[in-house]
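Structure record follows, encoded as structure tokens.
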Amino acid sequence: MNVNADDVVWFKSTHSQGGSECVEVAWLEGGRVGVRDSKNPTGPALTFAPAEWSAFTTGLIDGEFLRPPRAC
């Protein structure tokens, strides 16, 4: 799915520190969610179906993506 930047409003998380290494999110038609690199707003964007986005955000909340400590 191509994302036309003129048709959507991109935003950063309220938890963003305002640095240059952020992602931006946009709510798209059909309940899809767009994600792009804030440093490259004209570059490619990923799009997710509603169920995919829900699974991802649930995984974030549940700590599913935290790395275990490295063994020394």
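Residues in the structure tokens are named by chain (A, B, ... in the order shown) and by number from 1 within that chain; ligands are numbered from 1 in the order shown.
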Determine which residues of chain A DSSP labels as alpha helix (DSSP H) from the backbone of this structure, then write them out as a ChimeraX atom specification. /A:50-61
I need the residues of chain A that end up classed as strand (DSSP E) by DSSP on the backbone, written out as a list in words.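 Here is the list: Val23, Glu24, Val25, Ala26, Trp27, Val33, Gly34, Val35, Arg36, Asp37, Ala45, Leu46, Thr47 and Phe48 of chain A.
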Output C-alpha atoms for every residue in the selection just made, as a PDB file, in the first residue's frame.
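Written file, result-v6.pdb:
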ATOM      1  CA  VAL A  23       9.367   6.908  14.331  1.00  0.00           C
ATOM      2  CA  GLU A  24       6.180   8.611  13.249  1.00  0.00           C
ATOM      3  CA  VAL A  25       2.757   7.002  13.088  1.00  0.00           C
ATOM      4  CA  ALA A  26      -0.303   7.855  11.007  1.00  0.00           C
ATOM      5  CA  TRP A  27      -3.857   6.540  11.150  1.00  0.00           C
ATOM      6  CA  VAL A  33      -1.538   2.200  10.591  1.00  0.00           C
ATOM      7  CA  GLY A  34       1.468   3.742   8.854  1.00  0.00           C
ATOM      8  CA  VAL A  35       4.932   3.896  10.426  1.00  0.00           C
ATOM      9  CA  ARG A  36       7.915   5.821   9.046  1.00  0.00           C
ATOM     10  CA  ASP A  37      11.353   7.077  10.046  1.00  0.00           C
ATOM     11  CA  ALA A  45       6.558   3.747   5.221  1.00  0.00           C
ATOM     12  CA  LEU A  46       5.433   0.443   6.668  1.00  0.00           C
ATOM     13  CA  THR A  47       1.715  -0.233   6.880  1.00  0.00           C
ATOM     14  CA  PHE A  48      -0.013  -2.554   9.296  1.00  0.00           C
TER      15      PHE A  48
END
Closest of A:Cys22, A:Glu29, A:Ser38, A:Phe65 to A:Asp7 - atom-to-atom distances counting only C-alpha atoms: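 Closest residue, counting only C-alpha atoms: A:Glu29.
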Looking at only C-alpha atoms, which of A:Gly59, A:Gly30, A:Pro41, A:Trp53 is the one that sits closest to A:Val9?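 For A:Val9, the nearest of the given residues is A:Pro41.
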So how far away is atom CA of A:Pro44 from atom CA of A:Leu28, in Å?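 Result for atom CA of A:Leu28 versus atom CA of A:Pro44: 14.9 Å, one decimal.
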To one decimal place in Å, what is the distance between atom CA of A:His15 and atom CA of A:Phe56?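 Atom CA of A:Phe56 lies at a distance of 17.2 Å from atom CA of A:His15.
Relative to atom CA of A:Ala49, atom CA of A:Arg32 is found at 4.8 Å.
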